[in-house]
>>> print(open('upload-v7.txt').read())   # compact mmCIF, C-alpha atoms
# COMPACT_ATOMS: atom_id res chain seq x y z
CA MET A 1 85.69 -47.04 241.14
CA ARG A 2 85.53 -45.31 237.79
CA SER A 3 82.65 -47.14 236.18
CA ALA A 4 79.69 -46.60 233.86
CA ARG A 5 76.72 -48.38 232.40
CA ILE A 6 75.26 -47.38 229.04
CA THR A 7 72.12 -48.68 227.38
CA ARG A 8 71.38 -47.93 223.75
CA THR A 9 68.29 -49.05 221.87
CA THR A 10 67.54 -48.41 218.21
CA ALA A 11 65.47 -50.16 215.55
CA GLU A 12 68.62 -52.16 214.71
CA THR A 13 70.20 -53.01 218.08
CA ASP A 14 69.49 -53.23 221.80
CA ILE A 15 72.74 -52.85 223.75
CA SER A 16 73.93 -52.56 227.32
CA VAL A 17 77.58 -51.98 228.24
CA SER A 18 79.06 -51.96 231.74
CA VAL A 19 82.66 -50.93 232.25
CA SER A 20 84.94 -50.51 235.25
CA LEU A 21 88.27 -48.86 234.50
CA ASP A 22 89.82 -50.00 237.79
CA GLY A 23 89.05 -53.65 237.25
CA THR A 24 91.08 -56.79 236.80
CA GLY A 25 90.24 -57.61 233.19
CA THR A 26 87.16 -59.74 233.79
CA TYR A 27 84.69 -59.96 230.93
CA ASP A 28 81.35 -61.34 229.88
CA ASN A 29 80.57 -60.29 226.32
CA GLN A 30 77.62 -61.62 224.34
CA THR A 31 76.87 -59.92 221.04
CA GLY A 32 75.83 -62.88 218.91
CA VAL A 33 78.98 -62.38 216.83
CA GLY A 34 81.52 -64.95 218.01
CA PHE A 35 84.71 -63.43 216.64
CA PHE A 36 83.71 -59.98 217.88
CA ASP A 37 83.05 -61.37 221.38
CA HIS A 38 86.57 -62.85 221.29
CA MET A 39 88.00 -59.42 220.39
CA LEU A 40 86.04 -57.66 223.15
CA ASP A 41 87.36 -60.27 225.60
CA GLN A 42 90.90 -59.39 224.50
CA LEU A 43 90.20 -55.69 224.90
CA ALA A 44 89.02 -56.16 228.48
CA ARG A 45 91.74 -58.61 229.49
CA HIS A 46 94.66 -56.58 228.19
CA ALA A 47 93.33 -53.16 229.23
CA LEU A 48 92.60 -54.55 232.72
CA ILE A 49 89.10 -53.12 232.56
CA ASP A 50 86.05 -55.10 233.61
CA LEU A 51 83.62 -55.30 230.72
CA GLU A 52 80.17 -56.72 230.20
CA VAL A 53 78.44 -56.31 226.85
CA ARG A 54 74.98 -57.50 225.84
CA CYS A 55 73.83 -56.89 222.30
CA SER A 56 70.74 -58.10 220.49
CA GLY A 57 71.03 -56.95 216.90
CA ASP A 58 69.69 -57.48 213.41
CA LEU A 59 72.15 -60.26 212.60
CA HIS A 60 69.76 -61.60 209.97
CA ILE A 61 70.93 -58.62 207.89
CA ASP A 62 74.62 -58.75 208.83
CA ASP A 63 76.95 -57.97 211.75
CA HIS A 64 77.54 -54.33 210.86
CA HIS A 65 74.98 -52.60 213.08
CA SER A 66 75.84 -54.72 216.11
CA VAL A 67 79.59 -54.14 215.86
CA GLU A 68 79.31 -50.42 215.14
CA ASP A 69 76.70 -49.78 217.83
CA VAL A 70 78.69 -51.66 220.47
CA GLY A 71 81.60 -49.36 219.55
CA ILE A 72 79.34 -46.34 220.09
CA ALA A 73 78.08 -47.58 223.47
CA LEU A 74 81.53 -48.64 224.66
CA GLY A 75 82.97 -45.24 223.71
CA GLN A 76 80.18 -43.52 225.62
CA ALA A 77 80.77 -45.74 228.65
CA LEU A 78 84.50 -44.99 228.60
CA ALA A 79 83.88 -41.24 228.41
CA GLN A 80 81.37 -41.40 231.27
CA ALA A 81 83.68 -43.53 233.45
CA LEU A 82 86.58 -41.11 232.90
CA GLY A 83 84.53 -38.12 234.06
CA ASP A 84 86.65 -34.96 233.95
CA LYS A 85 89.79 -37.13 233.42
CA ARG A 86 91.45 -35.74 236.51
CA GLY A 87 94.67 -37.59 237.34
CA ILE A 88 94.87 -39.85 234.27
CA ARG A 89 98.02 -40.33 232.24
CA ARG A 90 95.99 -39.40 229.13
CA TYR A 91 98.39 -40.86 226.55
CA GLY A 92 99.14 -44.48 225.75
CA ALA A 93 101.07 -46.40 223.13
CA CYS A 94 101.85 -50.01 222.32
CA LEU A 95 103.86 -51.95 219.78
CA LEU A 96 102.29 -55.39 219.86
CA PRO A 97 103.51 -58.54 218.10
CA MET A 98 101.30 -61.55 217.50
CA ASP A 99 103.09 -64.20 215.47
CA ASP A 100 103.34 -62.74 211.94
CA ALA A 101 101.45 -59.56 212.87
CA LEU A 102 102.91 -56.39 214.33
CA VAL A 103 100.57 -53.51 215.16
CA ARG A 104 101.44 -50.08 216.52
CA VAL A 105 98.89 -48.01 218.43
CA ALA A 106 99.10 -44.55 219.93
CA LEU A 107 96.16 -42.81 221.55
CA ASP A 108 95.23 -39.66 223.40
CA LEU A 109 92.13 -39.36 225.60
CA SER A 110 91.92 -35.78 224.41
CA GLY A 111 88.19 -35.38 223.94
CA ARG A 112 88.97 -34.71 220.27
CA PRO A 113 87.95 -37.82 218.31
CA TYR A 114 90.11 -38.73 215.34
CA LEU A 115 90.98 -42.07 213.81
CA VAL A 116 94.03 -42.77 211.66
CA TRP A 117 93.67 -46.33 210.36
CA ASN A 118 96.50 -47.91 208.38
CA VAL A 119 95.44 -51.54 208.66
CA ASP A 120 94.93 -53.72 205.60
CA PHE A 121 93.65 -57.27 205.83
CA PRO A 122 94.72 -59.92 203.32
CA THR A 123 91.26 -61.54 203.39
CA PRO A 124 87.76 -60.02 203.30
CA ALA A 125 86.58 -62.18 206.20
CA ILE A 126 87.79 -64.02 209.29
CA GLY A 127 85.47 -67.00 209.27
CA ARG A 128 82.14 -65.28 208.72
CA PHE A 129 83.29 -61.96 210.23
CA ASP A 130 83.76 -59.10 207.74
CA THR A 131 87.22 -57.61 208.28
CA GLU A 132 85.89 -54.13 207.37
CA LEU A 133 84.04 -54.17 210.68
CA VAL A 134 87.26 -53.92 212.68
CA ARG A 135 87.72 -50.36 211.43
CA GLU A 136 84.01 -49.61 211.90
CA PHE A 137 84.25 -50.61 215.56
CA PHE A 138 87.30 -48.48 216.25
CA GLN A 139 85.82 -45.51 214.36
CA ALA A 140 82.70 -45.63 216.54
CA PHE A 141 84.72 -46.23 219.73
CA ALA A 142 87.10 -43.33 219.05
CA THR A 143 84.32 -40.95 218.02
CA HIS A 144 82.10 -41.56 221.02
CA GLY A 145 84.96 -42.01 223.48
CA GLY A 146 86.62 -38.74 222.45
CA ILE A 147 89.83 -40.55 221.53
CA THR A 148 92.54 -39.57 219.09
CA LEU A 149 93.52 -43.04 217.90
CA HIS A 150 96.26 -44.10 215.49
CA VAL A 151 96.48 -47.76 214.45
CA ASP A 152 99.14 -49.02 212.04
CA ARG A 153 99.75 -52.53 210.79
CA LEU A 154 103.49 -52.84 210.34
CA HIS A 155 103.52 -56.54 209.44
CA GLY A 156 101.02 -59.35 209.07
CA ILE A 157 99.84 -62.05 206.69
CA ASN A 158 97.08 -63.64 208.76
CA SER A 159 93.87 -61.63 209.13
CA HIS A 160 92.95 -63.15 212.48
CA HIS A 161 96.36 -62.29 213.91
CA ILE A 162 96.21 -58.74 212.54
CA ALA A 163 92.77 -58.07 214.01
CA GLU A 164 93.66 -59.57 217.36
CA ALA A 165 96.93 -57.64 217.51
CA ALA A 166 94.99 -54.43 216.84
CA PHE A 167 92.53 -55.07 219.66
CA LYS A 168 95.30 -56.07 222.08
CA ALA A 169 97.45 -53.08 221.16
CA VAL A 170 94.55 -50.66 221.67
CA ALA A 171 93.86 -52.38 224.98
CA ARG A 172 97.43 -52.01 226.22
CA ALA A 173 97.58 -48.36 225.15
CA LEU A 174 94.21 -47.70 226.80
CA ARG A 175 95.40 -49.35 230.01
CA GLU A 176 98.33 -46.93 230.12
CA ALA A 177 96.22 -43.88 229.30
CA VAL A 178 93.48 -44.42 231.91
CA GLU A 179 95.92 -45.18 234.74
CA THR A 180 96.22 -42.65 237.52
CA ASP A 181 99.41 -40.61 237.36
CA ALA A 182 100.74 -40.76 240.92
CA ARG A 183 102.70 -37.54 240.37
CA LYS A 184 99.60 -35.55 239.28
CA ALA A 185 96.62 -37.48 240.64
CA ASP A 186 94.72 -34.26 241.39
CA ALA A 187 95.30 -32.48 238.07
CA ILE A 188 93.66 -32.39 234.65
CA PRO A 189 96.41 -33.52 232.22
CA SER A 190 96.25 -30.40 230.04
CA THR A 191 97.55 -26.84 230.22
CA LYS A 192 94.00 -25.78 229.25
CA GLY A 193 92.68 -27.09 232.55
CA ALA A 194 90.04 -29.20 230.83
CA LEU A 195 89.81 -32.11 228.41
>>> encode(input="upload-v7.txt", output="structure tokens")
Amino acid sequence: MRSARITRTTAETDISVSVSLDGTGTYDNQTGVGFFDHMLDQLARHALIDLEVRCSGDLHIDDHHSVEDVGIALGQALAQALGDKRGIRRYGACLLPMDDALVRVALDLSGRPYLVWNVDFPTPAIGRFDTELVREFFQAFATHGGITLHVDRLHGINSHHIAEAAFKAVARALREAVETDARKADAIPSTKGAL
């Protein structure tokens, strides 16, 4: 089983993340931020990774530190679980519709973090959740997971649908990228011999 557990404690957050890449999509996420928990649940379910997140953060200030730091810890857990990335497909892509929203994601588990984010939200918040934090999460996740990640909103008028489509599309692309390539299960997916 390709799995990892990361703990991260700062003056702003206390986080533990457990991930299993060869799971069934089970999840138990408790960050104190309801909408964010819902998005993490979607990420696990549609990537078919098992995910448990515990976060105690300075929510009396706002949700920013908790969301960003979970992204950091989850990226670190993904990188640790992947190890040397031997046998993975490496690339993944998804075009995901959710009602009015249509989001396109392409990613590469290259070890070279880069985020291209073309996602605008029509509202500044989804309930009490700041829509700016969706990008903050994916920036932290891509940076610490070593992911080249492109996310584009092609359509969408409802902020909740746009955010959820983004999480689900990343999940589906990630599912594809971490899968074992039966034709090259013993090889690093790069002509360099390392990722």
>>> residues_around(input="upload-v7.txt", residues="stretch 51-56 of chain A", least_positions_apart="4", cutoff="9 Å", atoms="only C-alpha atoms", output="PyMOL selection string")
chain A and resi 12-21+23+25-32+37+40-41+43-45+66+69-70+74
>>> closest_residue(input="upload-v7.txt", among="A:Ser3, A:Gln76, A:Gln42, A:Ser190", to="A:Ala166", atoms="only C-alpha atoms")
A:Gln42
>>> residues_around(input="upload-v7.txt", residues="A:Phe138", least_positions_apart="6", cutoff="9 Å", atoms="only C-alpha atoms", output="ChimeraX atom specification")
/A:68,71,115,117,149
>>> atom_distance(input="upload-v7.txt", atom1="atom CA of A:Ala171", atom2="atom CA of A:Gln139")
15.0 Å
>>> atom_distance(input="upload-v7.txt", atom1="atom CA of A:Leu96", atom2="atom CA of A:Arg5")
29.3 Å
>>> closest_residue(input="upload-v7.txt", among="A:Ala140, A:Ile88, A:Val134, A:Ala187", to="A:Leu109", atoms="all atoms listed in the file")
A:Ile88
>>> residues_around(input="upload-v7.txt", residues="A:Asp181", least_positions_apart="5", cutoff="10 Å", atoms="all atoms listed in the file", output="ChimeraX atom specification")
/A:86-90,176,186-187,189
>>> decode(input="upload-v7.txt", residues="stretch 146-160 of chain A", atoms="all heavy atoms", output="PDB file, in the first residue's frame")
ATOM      1  N   GLY A 146       4.706  18.617  -5.448  1.00  0.00           N
ATOM      2  CA  GLY A 146       5.540  18.557  -6.653  1.00  0.00           C
ATOM      3  C   GLY A 146       4.728  18.328  -7.910  1.00  0.00           C
ATOM      4  O   GLY A 146       5.115  17.558  -8.781  1.00  0.00           O
ATOM      5  N   ILE A 147       3.598  19.037  -8.005  1.00  0.00           N
ATOM      6  CA  ILE A 147       2.643  18.822  -9.092  1.00  0.00           C
ATOM      7  C   ILE A 147       2.621  20.025 -10.037  1.00  0.00           C
ATOM      8  O   ILE A 147       2.506  21.162  -9.580  1.00  0.00           O
ATOM      9  CB  ILE A 147       1.222  18.614  -8.541  1.00  0.00           C
ATOM     10  CG1 ILE A 147       1.194  17.496  -7.502  1.00  0.00           C
ATOM     11  CG2 ILE A 147       0.230  18.338  -9.658  1.00  0.00           C
ATOM     12  CD1 ILE A 147      -0.079  17.468  -6.681  1.00  0.00           C
ATOM     13  N   THR A 148       2.724  19.781 -11.318  1.00  0.00           N
ATOM     14  CA  THR A 148       2.367  20.792 -12.306  1.00  0.00           C
ATOM     15  C   THR A 148       0.862  20.658 -12.504  1.00  0.00           C
ATOM     16  O   THR A 148       0.380  19.610 -12.934  1.00  0.00           O
ATOM     17  CB  THR A 148       3.094  20.560 -13.638  1.00  0.00           C
ATOM     18  OG1 THR A 148       4.505  20.647 -13.415  1.00  0.00           O
ATOM     19  CG2 THR A 148       2.675  21.594 -14.672  1.00  0.00           C
ATOM     20  N   LEU A 149       0.126  21.730 -12.177  1.00  0.00           N
ATOM     21  CA  LEU A 149      -1.332  21.653 -12.128  1.00  0.00           C
ATOM     22  C   LEU A 149      -1.950  22.819 -12.885  1.00  0.00           C
ATOM     23  O   LEU A 149      -1.657  23.978 -12.584  1.00  0.00           O
ATOM     24  CB  LEU A 149      -1.794  21.670 -10.665  1.00  0.00           C
ATOM     25  CG  LEU A 149      -3.296  21.688 -10.380  1.00  0.00           C
ATOM     26  CD1 LEU A 149      -3.991  20.463 -10.959  1.00  0.00           C
ATOM     27  CD2 LEU A 149      -3.533  21.797  -8.880  1.00  0.00           C
ATOM     28  N   HIS A 150      -2.774  22.483 -13.863  1.00  0.00           N
ATOM     29  CA  HIS A 150      -3.514  23.494 -14.627  1.00  0.00           C
ATOM     30  C   HIS A 150      -5.002  23.305 -14.353  1.00  0.00           C
ATOM     31  O   HIS A 150      -5.528  22.195 -14.507  1.00  0.00           O
ATOM     32  CB  HIS A 150      -3.264  23.323 -16.129  1.00  0.00           C
ATOM     33  CG  HIS A 150      -1.871  23.657 -16.556  1.00  0.00           C
ATOM     34  ND1 HIS A 150      -1.583  24.737 -17.353  1.00  0.00           N
ATOM     35  CD2 HIS A 150      -0.686  23.057 -16.289  1.00  0.00           C
ATOM     36  CE1 HIS A 150      -0.286  24.789 -17.574  1.00  0.00           C
ATOM     37  NE2 HIS A 150       0.288  23.778 -16.927  1.00  0.00           N
ATOM     38  N   VAL A 151      -5.667  24.382 -13.946  1.00  0.00           N
ATOM     39  CA  VAL A 151      -7.105  24.334 -13.660  1.00  0.00           C
ATOM     40  C   VAL A 151      -7.779  25.503 -14.383  1.00  0.00           C
ATOM     41  O   VAL A 151      -7.399  26.654 -14.181  1.00  0.00           O
ATOM     42  CB  VAL A 151      -7.395  24.432 -12.143  1.00  0.00           C
ATOM     43  CG1 VAL A 151      -8.884  24.244 -11.867  1.00  0.00           C
ATOM     44  CG2 VAL A 151      -6.569  23.426 -11.348  1.00  0.00           C
ATOM     45  N   ASP A 152      -8.749  25.177 -15.233  1.00  0.00           N
ATOM     46  CA  ASP A 152      -9.448  26.190 -16.015  1.00  0.00           C
ATOM     47  C   ASP A 152     -10.955  26.061 -15.853  1.00  0.00           C
ATOM     48  O   ASP A 152     -11.503  24.964 -16.053  1.00  0.00           O
ATOM     49  CB  ASP A 152      -9.115  26.047 -17.509  1.00  0.00           C
ATOM     50  CG  ASP A 152      -7.638  26.222 -17.783  1.00  0.00           C
ATOM     51  OD1 ASP A 152      -7.134  27.334 -17.591  1.00  0.00           O
ATOM     52  OD2 ASP A 152      -6.999  25.237 -18.184  1.00  0.00           O
ATOM     53  N   ARG A 153     -11.597  27.158 -15.494  1.00  0.00           N
ATOM     54  CA  ARG A 153     -13.062  27.173 -15.492  1.00  0.00           C
ATOM     55  C   ARG A 153     -13.515  27.567 -16.893  1.00  0.00           C
ATOM     56  O   ARG A 153     -13.239  28.669 -17.367  1.00  0.00           O
ATOM     57  CB  ARG A 153     -13.592  28.197 -14.486  1.00  0.00           C
ATOM     58  CG  ARG A 153     -15.116  28.207 -14.435  1.00  0.00           C
ATOM     59  CD  ARG A 153     -15.655  29.497 -13.839  1.00  0.00           C
ATOM     60  NE  ARG A 153     -15.464  30.589 -14.802  1.00  0.00           N
ATOM     61  CZ  ARG A 153     -16.188  31.696 -14.833  1.00  0.00           C
ATOM     62  NH1 ARG A 153     -17.139  31.905 -13.959  1.00  0.00           N
ATOM     63  NH2 ARG A 153     -15.956  32.636 -15.729  1.00  0.00           N
ATOM     64  N   LEU A 154     -14.219  26.664 -17.551  1.00  0.00           N
ATOM     65  CA  LEU A 154     -14.700  26.952 -18.898  1.00  0.00           C
ATOM     66  C   LEU A 154     -16.089  27.577 -18.863  1.00  0.00           C
ATOM     67  O   LEU A 154     -16.409  28.405 -19.708  1.00  0.00           O
ATOM     68  CB  LEU A 154     -14.713  25.664 -19.731  1.00  0.00           C
ATOM     69  CG  LEU A 154     -13.367  24.939 -19.841  1.00  0.00           C
ATOM     70  CD1 LEU A 154     -13.509  23.703 -20.704  1.00  0.00           C
ATOM     71  CD2 LEU A 154     -12.285  25.855 -20.373  1.00  0.00           C
ATOM     72  N   HIS A 155     -16.903  27.131 -17.906  1.00  0.00           N
ATOM     73  CA  HIS A 155     -18.242  27.683 -17.720  1.00  0.00           C
ATOM     74  C   HIS A 155     -18.563  27.655 -16.239  1.00  0.00           C
ATOM     75  O   HIS A 155     -17.955  26.903 -15.483  1.00  0.00           O
ATOM     76  CB  HIS A 155     -19.308  26.858 -18.462  1.00  0.00           C
ATOM     77  CG  HIS A 155     -19.102  26.782 -19.930  1.00  0.00           C
ATOM     78  ND1 HIS A 155     -19.277  27.850 -20.768  1.00  0.00           N
ATOM     79  CD2 HIS A 155     -18.715  25.744 -20.713  1.00  0.00           C
ATOM     80  CE1 HIS A 155     -19.019  27.480 -22.005  1.00  0.00           C
ATOM     81  NE2 HIS A 155     -18.668  26.198 -22.003  1.00  0.00           N
ATOM     82  N   GLY A 156     -19.559  28.442 -15.840  1.00  0.00           N
ATOM     83  CA  GLY A 156     -20.031  28.375 -14.463  1.00  0.00           C
ATOM     84  C   GLY A 156     -20.594  29.699 -13.990  1.00  0.00           C
ATOM     85  O   GLY A 156     -19.994  30.752 -14.220  1.00  0.00           O
ATOM     86  N   ILE A 157     -21.752  29.619 -13.332  1.00  0.00           N
ATOM     87  CA  ILE A 157     -22.371  30.817 -12.759  1.00  0.00           C
ATOM     88  C   ILE A 157     -22.630  30.662 -11.266  1.00  0.00           C
ATOM     89  O   ILE A 157     -22.934  31.637 -10.596  1.00  0.00           O
ATOM     90  CB  ILE A 157     -23.705  31.161 -13.472  1.00  0.00           C
ATOM     91  CG1 ILE A 157     -24.676  29.975 -13.396  1.00  0.00           C
ATOM     92  CG2 ILE A 157     -23.460  31.577 -14.920  1.00  0.00           C
ATOM     93  CD1 ILE A 157     -26.064  30.279 -13.950  1.00  0.00           C
ATOM     94  N   ASN A 158     -22.450  29.448 -10.739  1.00  0.00           N
ATOM     95  CA  ASN A 158     -22.684  29.193  -9.330  1.00  0.00           C
ATOM     96  C   ASN A 158     -21.352  28.858  -8.660  1.00  0.00           C
ATOM     97  O   ASN A 158     -20.680  27.892  -9.042  1.00  0.00           O
ATOM     98  CB  ASN A 158     -23.669  28.020  -9.171  1.00  0.00           C
ATOM     99  CG  ASN A 158     -23.945  27.691  -7.732  1.00  0.00           C
ATOM    100  OD1 ASN A 158     -23.110  27.082  -7.061  1.00  0.00           O
ATOM    101  ND2 ASN A 158     -25.115  28.086  -7.247  1.00  0.00           N
ATOM    102  N   SER A 159     -20.964  29.639  -7.662  1.00  0.00           N
ATOM    103  CA  SER A 159     -19.646  29.478  -7.045  1.00  0.00           C
ATOM    104  C   SER A 159     -19.458  28.109  -6.402  1.00  0.00           C
ATOM    105  O   SER A 159     -18.374  27.520  -6.484  1.00  0.00           O
ATOM    106  CB  SER A 159     -19.414  30.581  -6.006  1.00  0.00           C
ATOM    107  OG  SER A 159     -19.306  31.834  -6.633  1.00  0.00           O
ATOM    108  N   HIS A 160     -20.499  27.605  -5.768  1.00  0.00           N
ATOM    109  CA  HIS A 160     -20.404  26.279  -5.149  1.00  0.00           C
ATOM    110  C   HIS A 160     -20.124  25.217  -6.216  1.00  0.00           C
ATOM    111  O   HIS A 160     -19.235  24.364  -6.048  1.00  0.00           O
ATOM    112  CB  HIS A 160     -21.705  25.959  -4.406  1.00  0.00           C
ATOM    113  CG  HIS A 160     -21.663  24.698  -3.607  1.00  0.00           C
ATOM    114  ND1 HIS A 160     -22.119  24.625  -2.314  1.00  0.00           N
ATOM    115  CD2 HIS A 160     -21.239  23.441  -3.911  1.00  0.00           C
ATOM    116  CE1 HIS A 160     -21.970  23.385  -1.860  1.00  0.00           C
ATOM    117  NE2 HIS A 160     -21.445  22.647  -2.810  1.00  0.00           N
TER     118      HIS A 160
END
